[in-house]
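A.B. asks: This is coords.txt, which holds compact mmCIF, C-alpha atoms:
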```txt
# COMPACT_ATOMS: atom_id res chain seq x y z
CA ASN A 1 -22.23 -9.07 18.95
CA GLY A 2 -20.50 -12.40 18.55
CA GLY A 3 -19.28 -12.68 22.13
CA TYR A 4 -16.02 -12.00 23.96
CA PRO A 5 -14.56 -8.51 24.31
CA TYR A 6 -14.84 -7.37 20.68
CA THR A 7 -17.83 -6.67 18.45
CA GLU A 8 -17.75 -8.48 15.10
CA GLY A 9 -14.00 -8.90 15.27
CA ASN A 10 -11.02 -9.53 17.49
CA ALA A 11 -7.89 -7.68 18.55
CA TRP A 12 -6.27 -8.33 15.18
CA GLN A 13 -9.01 -6.55 13.26
CA TYR A 14 -9.28 -3.65 15.67
CA PHE A 15 -5.53 -3.08 15.75
CA TRP A 16 -5.79 -1.32 12.38
CA TYR A 17 -8.90 0.67 13.19
CA VAL A 18 -7.25 4.10 13.34
CA PRO A 19 -8.24 5.37 9.87
CA HIS A 20 -7.90 9.00 10.96
CA ASP A 21 -4.18 8.65 11.83
CA ILE A 22 -2.48 5.78 10.04
CA PRO A 23 0.99 7.46 10.16
CA ALA A 24 0.84 7.45 13.98
CA LEU A 25 -0.11 3.77 13.96
CA ILE A 26 2.83 3.04 11.67
CA ALA A 27 5.17 4.85 14.08
CA LEU A 28 3.79 2.96 17.08
CA THR A 29 4.26 -0.32 15.21
CA GLY A 30 7.94 0.42 14.65
CA GLY A 31 8.06 2.04 11.22
CA ASN A 32 7.31 1.07 7.65
CA LYS A 33 9.03 -2.32 7.53
CA ALA A 34 7.54 -3.50 10.81
CA PHE A 35 4.10 -2.29 9.74
CA GLU A 36 4.32 -4.08 6.39
CA LYS A 37 5.46 -7.27 8.13
CA LYS A 38 2.53 -7.06 10.55
CA LEU A 39 0.15 -6.65 7.61
CA ASP A 40 1.67 -9.73 5.99
CA THR A 41 1.11 -11.67 9.19
CA PHE A 42 -2.43 -10.35 9.50
CA PHE A 43 -3.39 -11.66 6.06
CA SER A 44 -1.72 -15.03 6.58
CA LEU A 45 -2.08 -16.06 10.23
CA THR A 46 -4.74 -18.74 10.56
CA GLU A 47 -4.32 -19.64 14.22
CA THR A 48 -7.34 -19.12 16.47
CA SER A 49 -7.99 -19.21 20.19
CA GLY A 50 -10.93 -20.36 22.27
CA ALA A 51 -12.03 -16.72 22.52
CA LYS A 52 -12.70 -16.34 18.82
CA ASN A 53 -15.61 -14.02 18.14
CA ASP A 54 -18.50 -15.99 16.69
CA ASN A 55 -19.52 -13.24 14.26
CA ILE A 56 -16.42 -13.31 12.06
CA SER A 57 -16.68 -14.44 8.44
CA GLY A 58 -14.97 -14.05 5.09
CA CYS A 59 -11.51 -14.69 6.50
CA ILE A 60 -8.14 -14.31 4.81
CA GLY A 61 -5.84 -15.06 7.69
CA GLN A 62 -7.07 -12.72 10.44
CA TYR A 63 -8.66 -10.38 7.90
CA ALA A 64 -12.45 -10.73 8.13
CA HIS A 65 -14.29 -9.25 5.18
CA GLY A 66 -17.69 -10.15 6.58
CA ASN A 67 -17.79 -7.08 8.84
CA GLU A 68 -16.70 -3.47 8.70
CA PRO A 69 -13.62 -3.28 10.99
CA SER A 70 -11.30 -4.92 8.43
CA HIS A 71 -12.51 -3.25 5.28
CA HIS A 72 -9.81 -0.61 4.94
CA VAL A 73 -6.85 -2.79 5.87
CA ALA A 74 -5.78 -4.05 2.43
CA TYR A 75 -5.22 -0.45 1.36
CA LEU A 76 -2.86 0.22 4.28
CA TYR A 77 -0.02 -1.31 2.25
CA ASN A 78 -0.08 1.97 0.31
CA TYR A 79 1.00 3.84 3.43
CA VAL A 80 4.28 1.91 3.59
CA ASN A 81 5.07 2.04 -0.13
CA ALA A 82 3.93 -1.49 -0.95
CA PRO A 83 1.05 -0.73 -3.33
CA HIS A 84 1.47 -3.97 -5.28
CA LYS A 85 0.41 -5.86 -2.17
CA ALA A 86 -2.63 -3.65 -1.73
CA GLN A 87 -3.61 -4.18 -5.36
CA ARG A 88 -3.22 -7.94 -5.28
CA MET A 89 -5.09 -8.28 -1.98
CA VAL A 90 -7.97 -6.06 -3.14
CA ALA A 91 -8.24 -8.11 -6.34
CA LEU A 92 -8.18 -11.32 -4.31
CA ILE A 93 -10.99 -10.07 -2.03
CA MET A 94 -13.14 -8.94 -4.96
CA ASN A 95 -12.65 -12.30 -6.66
CA GLU A 96 -12.98 -14.60 -3.65
CA MET A 97 -15.48 -12.85 -1.38
CA TYR A 98 -18.24 -12.00 -3.88
CA ASP A 99 -20.31 -13.96 -6.35
CA ASN A 100 -23.74 -13.70 -7.99
CA THR A 101 -25.48 -16.37 -5.92
CA SER A 102 -27.97 -15.82 -3.11
CA SER A 103 -25.06 -16.08 -0.66
CA GLY A 104 -22.73 -13.89 -2.66
CA TYR A 105 -21.58 -11.73 0.26
CA ALA A 106 -19.11 -12.77 2.95
CA GLY A 107 -21.33 -11.14 5.59
CA ASN A 108 -24.44 -9.04 6.10
CA ASP A 109 -24.74 -6.05 3.78
CA ASP A 110 -25.21 -3.66 6.71
CA CYS A 111 -26.49 -0.36 5.29
CA GLY A 112 -24.95 -1.42 1.99
CA GLU A 113 -21.36 -1.48 3.24
CA MET A 114 -20.45 -4.80 1.61
CA SER A 115 -21.78 -3.53 -1.70
CA ALA A 116 -20.12 -0.13 -1.29
CA TRP A 117 -16.76 -1.77 -0.63
CA TYR A 118 -17.07 -3.72 -3.87
CA VAL A 119 -18.09 -0.65 -5.87
CA PHE A 120 -15.07 1.31 -4.61
CA GLY A 121 -12.80 -1.68 -5.20
CA ALA A 122 -14.08 -2.09 -8.74
CA LEU A 123 -13.57 1.61 -9.45
CA GLY A 124 -9.96 1.43 -8.27
CA PHE A 125 -9.90 3.59 -5.13
CA TYR A 126 -11.20 3.56 -1.56
CA PRO A 127 -11.83 6.12 1.24
CA VAL A 128 -9.62 4.74 4.03
CA ASN A 129 -10.39 7.89 6.02
CA PRO A 130 -13.66 9.25 4.59
CA ALA A 131 -13.25 12.59 6.37
CA SER A 132 -9.90 13.31 4.71
CA GLY A 133 -11.19 13.74 1.17
CA GLN A 134 -8.51 11.33 -0.05
CA PHE A 135 -9.08 8.00 -1.81
CA SER A 136 -6.41 5.33 -1.57
CA ILE A 137 -5.57 3.73 -4.91
CA GLY A 138 -6.28 0.05 -5.50
CA THR A 139 -6.82 -1.77 -8.78
CA PRO A 140 -9.85 -1.18 -11.04
CA LEU A 141 -11.90 -4.18 -12.05
CA PHE A 142 -13.30 -2.75 -15.29
CA ASP A 143 -11.50 -1.45 -18.35
CA LYS A 144 -13.81 1.58 -18.50
CA CYS A 145 -16.16 3.21 -15.98
CA THR A 146 -18.13 6.46 -16.18
CA ILE A 147 -19.66 8.18 -13.15
CA HIS A 148 -22.11 10.99 -13.86
CA LEU A 149 -21.42 13.85 -11.45
CA PRO A 150 -23.36 17.04 -10.66
CA TYR A 151 -23.07 20.12 -12.90
CA GLY A 152 -22.60 18.05 -16.02
CA HIS A 153 -19.25 16.53 -15.09
CA ASP A 154 -18.38 12.94 -15.93
CA LEU A 155 -15.68 11.01 -14.12
CA LYS A 156 -14.20 8.53 -16.59
CA ILE A 157 -11.88 5.82 -15.32
CA THR A 158 -9.91 3.68 -17.75
CA ALA A 159 -7.61 0.73 -17.18
CA ASN A 160 -5.21 -0.28 -19.92
CA ARG A 161 -4.13 -3.87 -19.48
CA SER A 162 -2.67 -6.47 -21.78
CA ASN A 163 -4.49 -9.30 -20.03
CA PRO A 164 -7.87 -9.21 -18.24
CA ASN A 165 -6.34 -10.97 -15.24
CA ASN A 166 -3.65 -8.35 -14.69
CA VAL A 167 -4.10 -6.49 -11.41
CA GLU A 168 -0.86 -4.68 -10.62
CA VAL A 169 -0.89 -0.95 -11.40
CA LYS A 170 2.26 0.16 -13.21
CA SER A 171 1.37 3.83 -13.56
CA ILE A 172 -1.52 6.26 -13.22
CA TYR A 173 -2.31 9.30 -15.31
CA LEU A 174 -4.68 12.07 -14.33
CA ASN A 175 -5.93 14.13 -17.26
CA GLY A 176 -3.00 12.86 -19.28
CA LYS A 177 -0.36 13.78 -16.69
CA LYS A 178 1.48 11.15 -14.67
CA HIS A 179 0.11 10.92 -11.14
CA LYS A 180 2.78 10.01 -8.58
CA SER A 181 0.67 9.83 -5.44
CA LEU A 182 -0.96 6.66 -4.11
CA SER A 183 -4.18 8.55 -3.50
CA LEU A 184 -6.72 10.62 -5.43
CA SER A 185 -8.36 13.68 -3.93
CA ARG A 186 -12.06 14.39 -3.83
CA GLN A 187 -11.34 17.59 -5.71
CA ASP A 188 -9.72 15.65 -8.54
CA LEU A 189 -12.67 13.27 -8.81
CA ALA A 190 -15.42 15.85 -8.33
CA ARG A 191 -14.05 17.98 -11.15
CA GLY A 192 -14.27 15.07 -13.52
CA ARG A 193 -10.54 14.68 -13.99
CA LEU A 194 -9.78 11.48 -15.80
CA PRO A 195 -7.81 8.78 -13.93
CA SER A 196 -6.16 6.32 -16.29
CA PHE A 197 -4.49 3.19 -14.90
CA ARG A 198 -1.82 1.23 -16.71
CA ILE A 199 -2.02 -2.26 -15.30
CA ILE A 200 0.52 -5.00 -15.91
CA ILE A 201 1.97 -8.14 -14.42
CA PRO A 202 5.75 -7.76 -14.24
CA THR A 203 7.59 -9.98 -16.67
CA GLN A 204 10.20 -10.77 -14.02
CA TRP A 205 8.93 -11.78 -10.60
CA THR A 206 11.14 -11.04 -7.62
CA ALA A 207 10.47 -12.06 -4.07
CA GLU A 208 10.21 -8.52 -2.73
CA SER A 209 8.04 -9.83 0.05
CA CYS A 210 6.39 -13.11 0.98
CA THR A 211 3.38 -14.11 3.04
CA ARG A 212 2.25 -17.50 4.30
CA LEU A 213 -0.87 -18.85 2.64
CA ALA A 214 -4.09 -18.30 4.57
CA ALA A 215 -5.85 -21.65 4.39
CA SER A 216 -9.23 -19.95 4.20
CA ALA A 217 -8.23 -17.86 1.20
CA MET A 218 -6.87 -19.07 -2.12
CA GLN A 219 -6.97 -22.82 -1.34
CA CYS A 220 -4.28 -23.50 -3.91
CA TYR A 221 -1.73 -26.14 -2.92
CA VAL A 222 1.64 -26.18 -4.63
CA GLY A 223 3.81 -29.25 -4.53
CA ASN A 224 4.94 -32.19 -6.60
CA GLY A 225 4.38 -30.18 -9.77
CA HIS A 226 0.63 -29.73 -9.46
CA SER A 227 -2.07 -27.41 -8.13
CA GLN A 228 -5.39 -28.44 -6.68
CA GLN A 229 -8.88 -27.01 -6.08
CA GLY A 230 -9.37 -26.24 -9.76
CA ARG A 231 -7.48 -22.93 -9.79
CA ALA A 232 -6.16 -21.87 -13.17
CA ALA A 233 -2.41 -22.19 -12.86
CA ASP A 234 0.68 -22.64 -14.93
CA GLN A 235 3.78 -24.43 -13.74
CA TYR A 236 7.11 -22.63 -13.78
CA ASN A 237 10.65 -23.38 -12.76
CA PHE A 238 11.47 -20.72 -10.19
CA THR A 239 15.07 -19.63 -10.26
CA HIS A 240 15.16 -15.97 -9.23
CA VAL A 241 14.92 -15.55 -5.46
CA ASP A 242 15.65 -12.43 -3.44
CA SER A 243 18.02 -13.25 -0.61
CA ARG A 244 16.51 -10.42 1.45
CA ASP A 245 13.54 -12.70 2.05
CA GLY A 246 15.73 -15.43 3.47
CA LEU A 247 15.05 -17.65 0.47
CA SER A 248 17.40 -19.38 -1.90
CA ALA A 249 17.05 -21.55 -4.96
CA ASN A 250 17.76 -24.52 -2.69
CA ASN A 251 14.52 -24.24 -0.74
CA VAL A 252 12.15 -23.10 -3.50
CA LYS A 253 10.67 -26.24 -5.00
CA SER A 254 7.80 -25.16 -7.26
CA ILE A 255 5.79 -22.14 -8.33
CA VAL A 256 2.45 -21.46 -9.97
CA GLN A 257 0.69 -18.34 -11.14
CA ASP A 258 -3.03 -18.21 -10.44
CA SER A 259 -5.72 -16.52 -12.49
CA LEU A 260 -5.29 -13.20 -10.66
CA GLY A 261 -1.55 -13.01 -11.25
CA PHE A 262 -0.57 -13.99 -7.71
CA MET A 263 2.53 -16.14 -7.58
CA TRP A 264 2.51 -19.10 -5.19
CA PHE A 265 5.61 -21.06 -4.36
CA GLY A 266 6.40 -23.92 -2.04
CA THR A 267 9.44 -23.85 0.22
CA LYS A 268 10.61 -26.00 3.10
CA ASN A 269 8.76 -23.53 5.34
CA GLY A 270 5.41 -24.00 3.62
CA LEU A 271 3.41 -22.29 0.91
CA ASN A 272 3.94 -18.60 0.24
CA ARG A 273 2.43 -15.93 -1.99
CA TYR A 274 3.87 -12.73 -3.36
```
Just give me the structure as structure tokens.

C.D. replies:
Amino acid sequence: NGGYPYTEGNAWQYFWYVPHDIPALIALTGGNKAFEKKLDTFFSLTETSGAKNDNISGCIGQYAHGNEPSHHVAYLYNYVNAPHKAQRMVALIMNEMYDNTSSGYAGNDDCGEMSAWYVFGALGFYPVNPASGQFSIGTPLFDKCTIHLPYGHDLKITANRSNPNNVEVKSIYLNGKKHKSLSLSRQDLARGRLPSFRIIIPTQWTAESCTRLAASAMQCYVGNGHSQQGRAADQYNFTHVDSRDGLSANNVKSIVQDSLGFMWFGTKNGLNRY
């Protein structure tokens, strides 16, 4: 389907398709840092070859939201202790890949999977490995959600945020107790325990990690003190740079914050997001 060796994808998308054993995939990739770096590349690499599958759509770098093989990948940042990246990418996908027009999906809604992905994303968790009974934490879209469960239980999800555009989860409470894991169990949800998300945008941005802009994604150009494509953005002078990312104040020229809280900055190496 789509031609060439892969169905509805390419080798990039299928690399991650080991939902039943992500820790083994991390080990084979070279550990947490190497895995996180490969995820960054996956979401930012826009190069294509002549053997590109013709049934790929909804691209953010090599991520293709239009078909199933990529759908769990944004949540894999949780497995290497980079949940802020998972949360920002999930929010970006919900915002950019869906709308209420007749072409509001990035691909065919096969058996409802495009819709189901959005519902899970909006609730704030996702079954990376459905057979495990664990749901990987993302970022809820709504301030309050109620799911009516069997036996009279209600699952109530709340998100406390100071700004409706905030997407980064600062802390999670389950029935009033702080929840330290980056996943929720089926048992927790089925019993109607109450997840509560505290969502903020940090007041101080640090360049913990950077990714190159995927041209098919945000379409926000930073340079010469302006942003294009009509994205809501505010101009800042960017002074704090983490040397671990190979950046310095000398090669950071400008920065904007878009409507989802993503920070975009231009360097001599191009446009980056973190």

A.B. asks: Determine, counting all atoms listed in the file, which protein, DNA and RNA residues have an atom within 8 Å of an atom of Ile137 (chain A); residues of the same chain fewer than 6 positions away are not included. Present the result as JSON, numbers by chain.

C.D. replies: {"A": [75, 78, 124, 125, 126, 182, 183, 184]}

A.B. asks: Looking at all atoms listed in the file, which of A:Asp21, A:Glu68, A:Glu36, A:Asp143 is the one that sits closest to Gly107 (chain A)?

C.D. replies: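 Checking each candidate against Gly107 (chain A), we get A:Glu68 as the closest.
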
A.B. asks: Got a sec: who's within 12 Å of Ser196 (chain A), counting all atoms listed in the file, leaving out chain neighbours fewer than 2 positions off, as a PyMOL selection string?

C.D. replies: chain A and resi 123-124+137+139-140+142-146+155-161+169-179+184+193-194+198-199

A.B. asks: Quick one: contact table of region 119-197 of chain A to region 87-103 of chain A, 7 Å max, nearest atom pair and distance in Å to one decimal per residue, counting all atoms listed in the file, chain and number order, as JSON lines?

C.D. replies:
```
{"residue": "A:Gly121", "atom": "CA", "partner": "A:Val90", "partner_atom": "CA", "distance": 6.8}
{"residue": "A:Gly138", "atom": "CA", "partner": "A:Gln87", "partner_atom": "CA", "distance": 5.0}
{"residue": "A:Thr139", "atom": "CA", "partner": "A:Gln87", "partner_atom": "CA", "distance": 5.3}
{"residue": "A:Val167", "atom": "CA", "partner": "A:Arg88", "partner_atom": "CA", "distance": 6.4}
{"residue": "A:Glu168", "atom": "CA", "partner": "A:Gln87", "partner_atom": "CA", "distance": 6.0}
```

A.B. asks: Hey, can you check how far CA of Ser185 (chain A) sits from CA of Gln134 (chain A)?

C.D. replies: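 Calculated distance between CA of Ser185 (chain A) and CA of Gln134 (chain A) is 4.5 Å.
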
A.B. asks: Please report the interatomic distance between CA of Cys59 (chain A) and CA of Phe35 (chain A) in Å with one decimal.

C.D. replies: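 Answer for the CA of Cys59 (chain A) to CA of Phe35 (chain A) separation: 20.2 Å.
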
A.B. asks: Smallest atom-to-atom distance to Ala122 (chain A): which of A:Phe15, A:Pro164, A:Leu141, A:Thr41, using only C-alpha atoms?

C.D. replies: A:Leu141

A.B. asks: Just want the 12 Å neighbourhood of Gly152 (chain A), counted on all atoms listed in the file, with same-chain residues fewer than 3 positions away dropped. Output as an mmCIF file with C-alpha atoms, in the coordinates of the input.

C.D. replies:
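As written to disk, around08.cif reads:
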```
data_model
loop_
_atom_site.group_PDB
_atom_site.id
_atom_site.type_symbol
_atom_site.label_atom_id
_atom_site.label_comp_id
_atom_site.auth_asym_id
_atom_site.auth_seq_id
_atom_site.Cartn_x
_atom_site.Cartn_y
_atom_site.Cartn_z
ATOM 1 C CA ILE A 147 -19.660 8.180 -13.150
ATOM 2 C CA HIS A 148 -22.110 10.990 -13.860
ATOM 3 C CA LEU A 149 -21.420 13.850 -11.450
ATOM 4 C CA LEU A 155 -15.680 11.010 -14.120
ATOM 5 C CA ALA A 190 -15.420 15.850 -8.330
ATOM 6 C CA ARG A 191 -14.050 17.980 -11.150
ATOM 7 C CA GLY A 192 -14.270 15.070 -13.520
#
```
